[in-house]
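K.L.:
Contents of model-v7.cif (mmCIF, C-alpha atoms and all ligand atoms) are below:
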data_coords
#
loop_
_atom_site.label_atom_id
_atom_site.label_comp_id
_atom_site.auth_asym_id
_atom_site.auth_seq_id
_atom_site.Cartn_x
_atom_site.Cartn_y
_atom_site.Cartn_z
CA MET D 158 -116.86 27.52 -51.11
CA CYS D 159 -120.00 28.79 -49.46
CA ASP D 160 -122.02 25.86 -48.12
CA THR D 161 -125.26 27.76 -48.13
CA CYS D 162 -125.50 28.92 -51.70
CA GLY D 163 -122.88 26.78 -53.36
CA CYS D 164 -121.20 29.86 -54.78
CA SER D 165 -117.43 30.07 -54.70
CA SER D 166 -117.50 32.51 -51.76
CA GLY D 167 -115.10 32.66 -49.30
CA GLU D 168 -113.65 34.02 -52.49
CA GLY D 169 -116.74 35.12 -54.48
CA ALA D 170 -115.85 37.49 -57.27
CA VAL D 171 -112.57 39.33 -56.79
CA LEU D 172 -111.26 42.56 -58.30
CA ARG D 173 -107.60 42.67 -59.31
CA LYS D 174 -105.38 45.30 -60.88
CA PRO D 175 -102.42 44.56 -63.10
CA GLY D 176 -99.30 46.26 -61.79
CA SER D 177 -100.61 46.35 -58.20
CA GLU D 178 -99.44 43.09 -56.65
CA GLY D 179 -101.37 43.00 -53.39
CA TYR D 180 -104.51 44.74 -54.66
CA HIS D 181 -107.52 42.51 -54.05
CA VAL D 182 -111.17 43.39 -53.39
CA HIS D 183 -113.84 40.80 -52.57
CA ILE D 184 -117.29 41.41 -53.94
CA GLY D 185 -120.59 40.18 -52.65
CA GLU D 186 -119.83 39.65 -48.98
CA ASP D 187 -122.74 41.92 -48.14
CA ALA D 188 -125.23 42.05 -50.98
CA ALA D 189 -124.82 38.59 -52.47
CA HIS D 190 -125.02 36.92 -49.11
CA GLN D 191 -127.76 38.68 -47.27
CA HIS D 192 -129.54 35.38 -46.93
CA HIS D 193 -126.83 34.30 -44.51
CA HIS D 194 -127.33 37.35 -42.35
CA HIS D 195 -131.05 36.85 -42.15
CA GLU D 196 -130.39 33.68 -40.26
CA HIS D 197 -127.85 35.02 -37.86
CA ASP D 198 -129.18 38.53 -37.16
CA GLY D 199 -131.86 39.36 -34.65
CA GLY D 200 -131.94 36.01 -32.93
CA HIS D 201 -135.12 34.84 -34.59
CA GLY D 202 -133.31 31.76 -35.80
CA HIS D 203 -134.83 28.68 -37.29
CA SER D 204 -135.50 26.61 -34.21
CA HIS D 205 -139.24 27.13 -34.13
CA GLY D 206 -139.96 23.57 -35.19
CA HIS D 207 -142.39 22.93 -32.33
CA GLU D 208 -144.44 25.98 -33.30
CA HIS D 209 -145.16 24.72 -36.76
CA GLU D 210 -148.09 22.55 -35.75
CA HIS D 211 -149.94 25.54 -34.32
CA ARG D 212 -149.47 27.81 -37.30
CA GLU D 213 -151.78 28.23 -40.23
CA ALA D 214 -150.18 28.07 -43.63
CA ARG D 215 -150.92 31.25 -45.55
CA LYS D 216 -150.19 32.41 -49.04
CA VAL D 217 -148.49 35.76 -49.56
CA GLU D 218 -148.59 37.40 -52.99
CA VAL D 219 -145.07 38.55 -53.88
CA GLU D 220 -145.14 39.40 -57.63
CA GLN D 221 -141.46 40.25 -57.71
CA ASP D 222 -139.09 39.94 -60.64
CA VAL D 223 -136.40 37.45 -59.66
CA LEU D 224 -133.70 39.71 -61.06
CA LEU D 225 -135.08 42.82 -59.37
CA LYS D 226 -131.96 43.45 -57.28
CA ASN D 227 -129.65 43.18 -60.24
CA ASN D 228 -131.94 45.33 -62.36
CA LEU D 229 -132.10 48.07 -59.72
CA LEU D 230 -128.32 48.08 -59.35
CA ALA D 231 -127.94 48.18 -63.12
CA GLU D 232 -130.20 51.23 -63.25
CA ARG D 233 -128.03 52.90 -60.62
CA ASN D 234 -124.94 52.17 -62.70
CA ARG D 235 -126.72 53.57 -65.75
CA GLY D 236 -127.53 56.80 -63.89
CA TRP D 237 -123.94 57.00 -62.67
CA PHE D 238 -122.64 56.64 -66.24
CA GLU D 239 -125.08 59.22 -67.56
CA ALA D 240 -124.18 61.74 -64.89
CA ARG D 241 -120.49 61.41 -65.78
CA ARG D 242 -121.21 61.16 -69.49
CA VAL D 243 -119.52 57.79 -69.79
CA LEU D 244 -120.50 55.55 -72.70
CA ALA D 245 -120.56 52.03 -71.22
CA LEU D 246 -120.52 49.09 -73.63
CA ASN D 247 -120.99 45.45 -72.65
CA PHE D 248 -118.92 43.13 -74.91
CA LEU D 249 -120.21 39.58 -75.19
CA SER D 250 -119.08 36.52 -77.12
CA SER D 251 -118.11 32.89 -76.83
CA PRO D 252 -114.59 32.36 -75.51
CA GLY D 253 -111.98 33.40 -78.03
CA SER D 254 -114.03 35.36 -80.58
CA GLY D 255 -111.62 38.25 -80.22
CA LYS D 256 -113.09 40.68 -77.67
CA THR D 257 -109.77 41.55 -76.05
CA THR D 258 -107.99 41.76 -79.41
CA LEU D 259 -110.68 44.14 -80.65
CA LEU D 260 -110.20 46.31 -77.54
CA GLU D 261 -106.43 46.26 -78.07
CA LYS D 262 -107.06 47.72 -81.53
CA THR D 263 -109.79 50.11 -80.43
CA ILE D 264 -107.84 51.84 -77.64
CA PRO D 265 -104.97 53.17 -79.80
CA MET D 266 -107.50 54.10 -82.49
CA LEU D 267 -109.27 56.48 -80.08
CA ALA D 268 -106.08 57.76 -78.40
CA GLY D 269 -105.97 61.55 -78.17
CA GLU D 270 -109.67 61.77 -79.00
CA TRP D 271 -111.58 59.84 -76.33
CA PRO D 272 -110.35 58.49 -72.98
CA VAL D 273 -110.99 54.75 -72.57
CA ALA D 274 -111.17 52.53 -69.48
CA VAL D 275 -111.80 48.79 -69.34
CA VAL D 276 -113.40 46.26 -67.01
CA GLU D 277 -112.27 42.72 -67.84
CA GLY D 278 -114.41 39.77 -66.80
CA ASP D 279 -112.91 36.27 -66.65
CA GLN D 280 -113.33 33.38 -64.26
CA GLN D 281 -109.58 33.27 -63.56
CA THR D 282 -106.32 35.09 -64.41
CA THR D 283 -105.49 38.72 -65.06
CA ASN D 284 -104.21 37.91 -68.57
CA ASP D 285 -106.71 40.08 -70.41
CA ALA D 286 -106.27 42.99 -67.97
CA GLU D 287 -102.48 42.76 -68.46
CA ARG D 288 -102.98 43.09 -72.22
CA ILE D 289 -105.06 46.25 -71.71
CA HIS D 290 -102.72 47.60 -69.01
CA ALA D 291 -99.86 47.37 -71.53
CA LEU D 292 -101.68 50.04 -73.56
CA GLY D 293 -101.60 52.43 -70.61
CA VAL D 294 -105.34 52.81 -69.94
CA PRO D 295 -107.12 52.23 -66.60
CA VAL D 296 -108.25 48.63 -66.23
CA ILE D 297 -109.78 46.41 -63.55
CA GLN D 298 -109.99 42.64 -63.75
CA VAL D 299 -113.07 40.99 -62.27
CA ASN D 300 -112.40 37.32 -61.56
CA THR D 301 -115.78 35.69 -61.19
CA GLY D 302 -114.39 32.41 -59.79
CA THR D 303 -117.03 29.83 -60.69
CA GLY D 304 -119.42 32.54 -61.92
CA CYS D 305 -120.19 32.48 -65.64
CA HIS D 306 -121.21 36.12 -66.12
CA LEU D 307 -120.68 39.62 -64.77
CA ASP D 308 -123.49 41.20 -62.78
CA ALA D 309 -124.39 44.78 -61.92
CA LEU D 310 -122.83 44.58 -58.44
CA MET D 311 -119.46 43.51 -59.81
CA VAL D 312 -119.54 46.40 -62.26
CA GLN D 313 -120.59 48.87 -59.56
CA ARG D 314 -117.59 47.82 -57.43
CA ALA D 315 -115.20 47.77 -60.38
CA ILE D 316 -116.03 51.28 -61.59
CA ARG D 317 -115.46 52.68 -58.10
CA GLU D 318 -111.86 51.53 -58.44
CA LEU D 319 -111.37 53.09 -61.86
CA ASP D 320 -110.57 56.73 -62.40
CA LEU D 321 -113.19 57.30 -65.10
CA LYS D 322 -112.91 60.53 -67.07
CA GLY D 323 -116.00 62.53 -68.06
CA ARG D 324 -117.01 62.04 -71.71
CA SER D 325 -115.18 58.77 -72.04
CA LEU D 326 -115.68 55.20 -73.19
CA LEU D 327 -115.96 52.32 -70.71
CA CYS D 328 -115.57 48.88 -72.28
CA ILE D 329 -116.84 46.03 -70.15
CA GLU D 330 -115.61 42.68 -71.47
CA ASN D 331 -117.96 40.05 -70.13
CA VAL D 332 -117.02 36.44 -69.39
CA GLY D 333 -116.75 34.48 -72.67
CA ASN D 334 -120.18 32.80 -72.75
CA LEU D 335 -123.15 33.29 -75.08
CA VAL D 336 -125.79 32.13 -72.60
CA CYS D 337 -125.67 33.46 -69.06
CA PRO D 338 -124.46 37.06 -69.52
CA ALA D 339 -127.56 37.79 -71.64
CA MET D 340 -129.76 37.79 -68.52
CA PHE D 341 -127.77 40.26 -66.46
CA ASP D 342 -128.12 43.97 -67.15
CA LEU D 343 -124.96 45.80 -66.09
CA GLY D 344 -126.21 49.33 -66.74
CA GLU D 345 -124.56 49.50 -70.17
CA ALA D 346 -125.74 51.86 -72.91
CA ALA D 347 -125.39 49.15 -75.54
CA ARG D 348 -124.53 45.48 -75.91
CA VAL D 349 -121.97 44.46 -78.49
CA VAL D 350 -121.94 40.78 -79.36
CA VAL D 351 -118.83 39.51 -81.17
CA ILE D 352 -118.76 36.35 -83.27
CA SER D 353 -115.94 35.09 -85.42
CA VAL D 354 -115.96 33.34 -88.76
CA THR D 355 -114.54 30.16 -87.23
CA GLU D 356 -117.72 29.59 -85.21
CA GLY D 357 -120.37 28.55 -87.74
CA GLU D 358 -123.01 30.86 -89.18
CA ASP D 359 -125.87 29.43 -87.14
CA LYS D 360 -124.64 30.95 -83.84
CA PRO D 361 -127.55 33.44 -83.79
CA LEU D 362 -130.05 30.56 -84.02
CA LYS D 363 -128.30 28.52 -81.35
CA TYR D 364 -128.06 31.44 -78.90
CA PRO D 365 -131.11 33.55 -79.79
CA THR D 366 -131.45 35.15 -76.34
CA MET D 367 -128.02 36.72 -76.63
CA PHE D 368 -128.52 37.99 -80.17
CA HIS D 369 -131.99 39.24 -79.33
CA SER D 370 -130.63 41.31 -76.45
CA ALA D 371 -127.70 42.81 -78.43
CA ASP D 372 -127.59 46.21 -80.11
CA LEU D 373 -124.62 45.61 -82.38
CA CYS D 374 -123.14 42.41 -83.76
CA ILE D 375 -119.50 42.45 -84.86
CA LEU D 376 -118.39 39.62 -87.11
CA ASN D 377 -114.66 39.29 -86.42
CA LYS D 378 -111.73 37.46 -88.04
CA THR D 379 -112.84 38.23 -91.60
CA ASP D 380 -109.16 37.76 -92.58
CA LEU D 381 -109.85 34.02 -92.17
CA LEU D 382 -112.81 33.90 -94.58
CA PRO D 383 -110.73 32.43 -97.44
CA TYR D 384 -109.84 29.44 -95.24
CA VAL D 385 -113.21 28.56 -93.70
CA ASP D 386 -116.70 27.69 -94.95
CA PHE D 387 -118.56 30.56 -93.40
CA ASP D 388 -121.55 32.08 -95.16
CA VAL D 389 -121.48 35.72 -94.02
CA GLU D 390 -124.80 36.66 -95.63
CA ARG D 391 -126.61 33.71 -94.08
CA CYS D 392 -125.17 34.49 -90.65
CA ARG D 393 -126.29 38.08 -90.97
CA GLU D 394 -129.74 37.00 -92.10
CA TYR D 395 -130.12 34.65 -89.11
CA ALA D 396 -129.01 37.40 -86.75
CA MET D 397 -131.53 39.83 -88.24
CA GLN D 398 -134.30 37.23 -88.02
CA VAL D 399 -133.68 36.91 -84.30
CA ASN D 400 -133.37 40.68 -83.80
CA HIS D 401 -134.39 42.96 -86.64
CA HIS D 402 -133.09 46.04 -84.79
CA LEU D 403 -129.56 44.62 -84.63
CA GLU D 404 -126.76 46.65 -86.21
CA TRP D 405 -124.04 44.71 -88.03
CA LEU D 406 -120.32 45.26 -88.69
CA GLU D 407 -117.67 43.02 -90.23
CA VAL D 408 -114.08 43.44 -89.08
CA SER D 409 -110.73 41.77 -88.75
CA ALA D 410 -109.12 42.81 -85.50
CA ARG D 411 -105.93 41.26 -86.88
CA SER D 412 -105.66 42.96 -90.30
CA GLY D 413 -107.61 46.08 -89.37
CA GLU D 414 -110.16 45.58 -92.13
CA GLY D 415 -113.49 47.23 -91.24
CA LEU D 416 -112.17 48.95 -88.12
CA ASP D 417 -112.81 52.36 -89.69
CA ARG D 418 -116.56 51.61 -89.64
CA TRP D 419 -116.28 50.39 -86.04
CA LYS D 420 -114.56 53.64 -85.11
CA ALA D 421 -117.31 55.60 -86.87
CA TRP D 422 -119.95 53.66 -84.90
CA LEU D 423 -118.17 54.43 -81.62
CA THR D 424 -117.57 58.07 -82.45
CA SER D 425 -121.19 58.71 -83.37
CA ARG D 426 -122.24 57.20 -80.03
CA LEU D 427 -119.59 59.10 -78.07
CA GLU D 428 -120.53 62.41 -79.65
CA LYS D 429 -124.07 62.00 -78.34
CA ILE D 430 -123.12 61.53 -74.69
CA MET K 179 -124.80 27.86 -65.14
CA HIS K 180 -126.57 31.09 -64.31
CA GLU K 181 -129.33 28.98 -62.76
CA MET K 182 -127.35 29.08 -59.50
CA SER K 183 -127.38 32.89 -59.56
CA ILE K 184 -131.08 32.80 -60.30
CA ALA K 185 -131.71 30.32 -57.48
CA ILE K 186 -129.81 32.57 -55.05
CA SER K 187 -131.85 35.57 -56.22
CA ILE K 188 -135.05 33.64 -55.54
CA VAL K 189 -133.88 32.65 -52.06
CA ASP K 190 -132.89 36.26 -51.33
CA ALA K 191 -136.22 37.63 -52.51
CA VAL K 192 -138.10 35.05 -50.47
CA ALA K 193 -135.95 35.54 -47.35
CA ASP K 194 -136.57 39.30 -47.45
CA ARG K 195 -140.29 38.76 -47.67
CA VAL K 196 -140.38 36.07 -45.00
CA CYS K 197 -138.63 38.43 -42.57
CA GLN K 198 -141.17 41.17 -43.30
CA GLU K 199 -143.97 38.71 -42.64
CA GLY K 200 -142.58 37.76 -39.23
CA CYS K 201 -139.80 35.33 -40.03
CA THR K 202 -141.24 31.88 -40.30
CA THR K 203 -140.64 29.08 -42.75
CA VAL K 204 -141.69 28.72 -46.35
CA SER K 205 -143.47 25.59 -47.53
CA SER K 206 -143.80 26.53 -51.19
CA ILE K 207 -142.76 29.14 -53.72
CA GLU K 208 -144.76 29.86 -56.84
CA LEU K 209 -142.45 30.90 -59.64
CA VAL K 210 -143.52 32.16 -63.05
CA VAL K 211 -141.06 31.14 -65.76
CA GLY K 212 -141.63 32.42 -69.27
CA ARG K 213 -140.63 30.22 -72.16
CA LEU K 214 -138.15 32.88 -73.30
CA SER K 215 -136.83 33.71 -69.83
CA GLY K 216 -133.59 31.84 -70.49
CA VAL K 217 -133.99 29.58 -67.49
CA GLU K 218 -133.64 25.82 -67.67
CA VAL K 219 -136.30 24.56 -65.28
CA GLU K 220 -134.69 21.26 -64.28
CA SER K 221 -131.36 22.93 -63.68
CA LEU K 222 -133.07 25.62 -61.62
CA ARG K 223 -134.79 23.02 -59.41
CA PHE K 224 -131.47 21.38 -58.74
CA CYS K 225 -129.74 24.68 -57.90
CA PHE K 226 -132.64 25.87 -55.80
CA ALA K 227 -132.35 22.92 -53.42
CA ALA K 228 -128.69 23.81 -52.81
CA ALA K 229 -129.29 27.57 -52.60
CA ALA K 230 -132.15 27.18 -50.13
CA ALA K 231 -130.34 24.88 -47.68
CA ASP K 232 -130.03 26.49 -44.22
CA THR K 233 -132.29 29.40 -45.15
CA SER K 234 -135.96 29.98 -44.37
CA ALA K 235 -136.68 28.53 -47.83
CA ALA K 236 -134.99 25.20 -47.05
CA GLY K 237 -137.12 22.30 -48.18
CA ALA K 238 -139.70 24.58 -49.79
CA GLU K 239 -141.45 23.18 -52.81
CA LEU K 240 -140.79 25.10 -56.02
CA LEU K 241 -144.07 25.33 -57.95
CA ILE K 242 -143.16 26.37 -61.45
CA VAL K 243 -145.82 27.98 -63.60
CA GLU K 244 -144.53 27.91 -67.16
CA ARG K 245 -145.80 30.69 -69.44
CA GLU K 246 -145.98 30.38 -73.19
CA ALA K 247 -144.59 33.19 -75.31
CA ALA K 248 -146.38 35.44 -77.77
CA GLY K 249 -145.37 38.08 -80.27
CA ALA K 250 -146.77 40.75 -82.55
CA CYS K 251 -145.56 41.40 -86.08
CA GLU K 252 -144.13 44.90 -86.46
CA ASP K 253 -145.01 44.85 -90.15
CA CYS K 254 -148.57 43.55 -90.37
CA GLY K 255 -149.70 43.67 -86.75
CA ALA K 256 -150.65 40.00 -86.47
CA GLU K 257 -150.44 38.46 -83.00
CA PHE K 258 -149.45 34.84 -82.51
CA PRO K 259 -147.75 32.38 -80.15
CA ILE K 260 -143.98 31.97 -80.58
CA ALA K 261 -141.54 29.29 -79.45
CA SER K 262 -138.32 31.30 -79.63
CA TYR K 263 -136.86 34.67 -80.63
CA HIS K 264 -136.42 33.20 -84.09
CA ALA K 265 -140.08 33.65 -84.98
CA CYS K 266 -141.73 33.99 -88.35
CA CYS K 267 -145.03 35.83 -88.75
CA PRO K 268 -147.66 33.26 -89.86
CA SER K 269 -149.60 35.92 -91.75
CA CYS K 270 -146.90 37.82 -93.72
CA GLY K 271 -143.90 35.48 -93.42
CA ARG K 272 -141.47 38.11 -92.13
CA PHE K 273 -139.17 37.84 -89.14
CA ARG K 274 -139.98 41.17 -87.50
CA VAL K 275 -141.61 40.09 -84.30
CA ARG K 276 -141.93 42.12 -81.13
CA VAL K 277 -142.16 39.83 -78.11
CA THR K 278 -145.26 40.64 -76.08
CA SER K 279 -145.01 37.94 -73.40
CA GLY K 280 -142.97 34.93 -72.32
CA GLU K 281 -139.94 36.70 -70.85
CA GLU K 282 -141.26 36.68 -67.28
CA LEU K 283 -139.19 35.34 -64.39
CA ALA K 284 -140.90 36.24 -61.15
CA VAL K 285 -141.75 35.00 -57.68
CA LYS K 286 -145.53 35.09 -57.78
CA SER K 287 -146.36 34.01 -54.26
CA ILE K 288 -145.03 32.14 -51.26
CA THR K 289 -146.84 29.95 -48.78
CA ILE K 290 -145.53 30.47 -45.26
CA GLU K 291 -146.22 28.84 -41.96
N1 LIG D 501 -106.99 35.54 -87.53
C1 LIG D 501 -107.52 36.30 -86.57
N2 LIG D 501 -107.33 35.96 -85.27
C2 LIG D 501 -107.88 36.77 -84.33
C3 LIG D 501 -108.61 37.93 -84.64
N3 LIG D 501 -109.04 38.50 -83.49
C4 LIG D 501 -108.57 37.72 -82.49
N4 LIG D 501 -107.88 36.68 -82.98
C5 LIG D 501 -107.21 35.60 -82.23
O1 LIG D 501 -108.19 34.85 -81.54
C6 LIG D 501 -107.69 34.39 -80.28
C7 LIG D 501 -108.60 34.82 -79.15
O2 LIG D 501 -108.65 36.23 -79.09
P1 LIG D 501 -109.03 37.05 -77.77
O3 LIG D 501 -109.01 38.49 -78.14
O4 LIG D 501 -108.21 36.62 -76.63
O5 LIG D 501 -110.51 36.52 -77.57
P2 LIG D 501 -111.53 36.87 -76.38
O6 LIG D 501 -112.90 36.95 -76.99
O7 LIG D 501 -111.09 38.06 -75.62
O8 LIG D 501 -111.42 35.55 -75.49
P3 LIG D 501 -111.91 35.31 -73.97
O9 LIG D 501 -111.62 36.54 -73.18
O10 LIG D 501 -111.12 34.13 -73.54
O11 LIG D 501 -113.38 35.01 -74.07
C8 LIG D 501 -106.28 34.99 -80.16
O12 LIG D 501 -105.38 34.01 -80.56
C9 LIG D 501 -106.32 36.15 -81.14
O13 LIG D 501 -105.04 36.45 -81.67
C10 LIG D 501 -108.78 38.25 -86.04
O14 LIG D 501 -109.41 39.24 -86.42
N5 LIG D 501 -108.20 37.41 -86.95
MG MG D 502 -110.74 38.31 -73.57
ZN ZN D 503 -123.85 32.12 -49.85
ZN ZN D 504 -123.97 30.10 -66.62
ZN ZN D 505 -146.60 39.94 -90.25
#
Give the structure from this file in structure tokens form.
P.N.:
Amino acid sequence: MCDTCGCSSGEGAVLRKPGSEGYHVHIGEDAAHQHHHHEHDGGHGHSHGHEHEHREARKVEVEQDVLLKNNLLAERNRGWFEARRVLALNFLSSPGSGKTTLLEKTIPMLAGEWPVAVVEGDQQTTNDAERIHALGVPVIQVNTGTGCHLDALMVQRAIRELDLKGRSLLCIENVGNLVCPAMFDLGEAARVVVISVTEGEDKPLKYPTMFHSADLCILNKTDLLPYVDFDVERCREYAMQVNHHLEWLEVSARSGEGLDRWKAWLTSRLEKI
Amino acid sequence: MHEMSIAISIVDAVADRVCQEGCTTVSSIELVVGRLSGVEVESLRFCFAAAAADTSAAGAELLIVEREAAGACEDCGAEFPIASYHACCPSCGRFRVRVTSGEELAVKSITIE
């Protein structure tokens, strides 16, 4: 644990690869911790206590977006994807809505037509990356440690480690969380928010920032509709009220229902890159 | 708890600027937080104190300027204040609002010594 910022560094976020035992890359030692270096570099230190009395306080206008660094890095990722003609999608949901299951269905569906690679974000474990690895596509696990979202730096490091093909799909599965990941642009072309019918139809009203920032909402687990009180139309209406540009699909990653329309959505996007 | 990431970003932005200005200490930071910025102010204050420890921003006062949000109706053009992204147009009753302000999250100024 880093005493200065309270982040989990020492460790920070770590990249791992299923099937490569010792593989291990730390992220953020430089960029995320520049504030440490400011203190130790250049010998200007912080021991000017006695000088304070002689100095005039002055106000400096800064006018800088707090997330500027992340946003600049995200734009670099976006340029990198565009140059290689990679369609990058950021998948967001609460834990357990079925993001990984949806990817497990999507990859074989596109096999032979479009190459796919995956970045998996979770606080701990390589479980999700193992599930993707089993399908034989390139995958990197980002373990965020205590972090509750992926950021543009993690994605920049992760994609360096992946052998991304030109004209391909990159699926970035964010940490399961409907709050924090909404604020962090990764450089994706579109945001896909997944909800499932076991979650309650007012999710879009409870987490409006996430639904407002999404491009497509996928309602998953429709195979369970006969067993739960979930009003699909009301959920859709709430989602549209929060974001009237939102696209909407209903699928069951388990039964395969609706996946043809999901494939059509992906294909139309991929054909444009 | 993205407020810790946000607090670290603030400290980084301030530390960069303080160095440019001749590396002194910061007594206060003026932060603009829009109502729709997604930041919980109390949580941010708490995280900021931890993030700033042992940096040039240690002990700096965080002056938070909260900004209300506003939107414009994409159907009828009316402009009005909003409290969330779930916003109904008071003139036509539709939910087709384009947010025009309230998403800001920026370091406005710092006071250095
Ligand atoms: N009945 C049903 N179960 C599903 C469906 N999709 C996923 N599940 C189940 O839901 C559980 C969670 O699925 P995951 O794919 O791991 O969910 P996730 O969103 O990747 O979860 P995190 O990565 O932990 O956030 C698993 O038990 C899946 O088998 C579906 O369409 N129908
Ligand atoms: Mg998963
Ligand atoms: Zn640190
Ligand atoms: Zn968080
Ligand atoms: Zn209107």
K.L.:
Measure the distance from atom CA of Gly344 of chain D to atom CA of Asn234 of chain D in Å and round it to one decimal.
P.N.:
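Distance between the two atoms: 5.1 Å.
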K.L.:
Would you pick out the contacts of Val275 of chain K at 9 Å or less, using all atoms listed in the file, so that residues sharing its chain but fewer than 5 positions from it are not included, and give the list as number ranges by chain?
P.N.:
D: 398-401; K: 249-253, 263-267
K.L.:
To one decimal place, how far is atom CA of Trp271 of chain D from atom CA of Glu407 of chain D in Å?
P.N.:
22.7 Å
K.L.:
For chain K, list the residues within 9 Å of chain D, counting only C-alpha atoms, and write the list as a PyMOL selection string.
P.N.:
chain K and resi 179-195+197+199+201-206+209+214-216+225-226+228-234+262-266+272-275+282-291
K.L.:
Kindly give the distance, in Å, that separates atom CA of His183 of chain D and atom CA of Gln298 of chain D, rounded to a single decimal.
P.N.:
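Here the two named atoms are 12.0 Å from each other.
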K.L.:
Using all atoms listed in the file, determine which residues lie at most 10 Å from Asp388 of chain D, disregarding the query and same-chain residues fewer than 6 positions distant; provide the list as a ChimeraX atom specification.
P.N.:
/D:354,357-359,382
K.L.:
Wanna dump the chain D-ligand MG 502 (chain D) contacts at 7 Å for me, each residue with its shortest atom pair and the distance in Å to one decimal, counting only C-alpha atoms and all ligand atoms, ordered by chain and number, as a Markdown table?
P.N.:
| residue | atom | partner | partner_atom | distance |
| --- | --- | --- | --- | --- |
| D:Gly253 | CA | D:MG502 | MG | 6.7 |
| D:Gly255 | CA | D:MG502 | MG | 6.7 |
| D:Lys256 | CA | D:MG502 | MG | 5.3 |
| D:Thr257 | CA | D:MG502 | MG | 4.2 |
| D:Asp285 | CA | D:MG502 | MG | 5.4 |
| D:Glu330 | CA | D:MG502 | MG | 6.9 |
K.L.:
Residues near Glu287 of chain D, anyone? I mean within 12 Å using all atoms listed in the file, not counting same-chain ones fewer than 6 positions away, as JSON, numbers by chain.
P.N.:
{"D": [173, 174, 175, 176, 177, 257, 261, 275, 276, 277, 293, 294, 295, 296, 297, 298]}
K.L.:
Please give me, as a ChimeraX atom specification, the residues lying within 10 Å of ligand LIG 501 (chain D) when counting all atoms listed in the file.
P.N.:
/D:248-262,277-280,284-286,288,330-335,351-355,376-382,407-414
K.L.:
Output as a short mmCIF file (atom, residue, chain, number, x, y, z; two decimals), keeping the file's coordinate frame: segment 173-183 of chain D, completed with N, CA, C and O atoms.
P.N.:
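What landed in part.cif:
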data_model
loop_
_atom_site.label_atom_id
_atom_site.label_comp_id
_atom_site.auth_asym_id
_atom_site.auth_seq_id
_atom_site.Cartn_x
_atom_site.Cartn_y
_atom_site.Cartn_z
N ARG D 173 -109.05 42.60 -59.32
CA ARG D 173 -107.60 42.67 -59.31
C ARG D 173 -107.14 43.75 -60.27
O ARG D 173 -107.86 44.10 -61.20
N LYS D 174 -105.93 44.24 -60.03
CA LYS D 174 -105.38 45.30 -60.88
C LYS D 174 -104.00 44.89 -61.34
O LYS D 174 -103.14 44.60 -60.51
N PRO D 175 -103.78 44.87 -62.64
CA PRO D 175 -102.42 44.56 -63.10
C PRO D 175 -101.47 45.66 -62.63
O PRO D 175 -101.85 46.82 -62.58
N GLY D 176 -100.27 45.27 -62.24
CA GLY D 176 -99.30 46.26 -61.79
C GLY D 176 -99.43 46.60 -60.32
O GLY D 176 -98.59 47.32 -59.78
N SER D 177 -100.49 46.12 -59.64
CA SER D 177 -100.61 46.35 -58.20
C SER D 177 -100.71 45.00 -57.51
O SER D 177 -101.81 44.48 -57.31
N GLU D 178 -99.56 44.45 -57.19
CA GLU D 178 -99.44 43.09 -56.65
C GLU D 178 -100.51 42.71 -55.63
O GLU D 178 -101.30 41.80 -55.85
N GLY D 179 -100.52 43.45 -54.50
CA GLY D 179 -101.37 43.00 -53.39
C GLY D 179 -102.83 43.39 -53.53
O GLY D 179 -103.68 42.94 -52.78
N TYR D 180 -103.15 44.21 -54.51
CA TYR D 180 -104.51 44.74 -54.66
C TYR D 180 -105.52 43.63 -54.88
O TYR D 180 -105.34 42.77 -55.75
N HIS D 181 -106.63 43.67 -54.12
CA HIS D 181 -107.52 42.51 -54.05
C HIS D 181 -108.80 42.94 -53.34
O HIS D 181 -108.76 43.26 -52.17
N VAL D 182 -109.91 43.01 -54.04
CA VAL D 182 -111.17 43.39 -53.39
C VAL D 182 -112.20 42.29 -53.58
O VAL D 182 -112.48 41.89 -54.71
N HIS D 183 -112.77 41.80 -52.48
CA HIS D 183 -113.84 40.80 -52.57
C HIS D 183 -115.17 41.47 -52.81
O HIS D 183 -115.47 42.49 -52.21
#
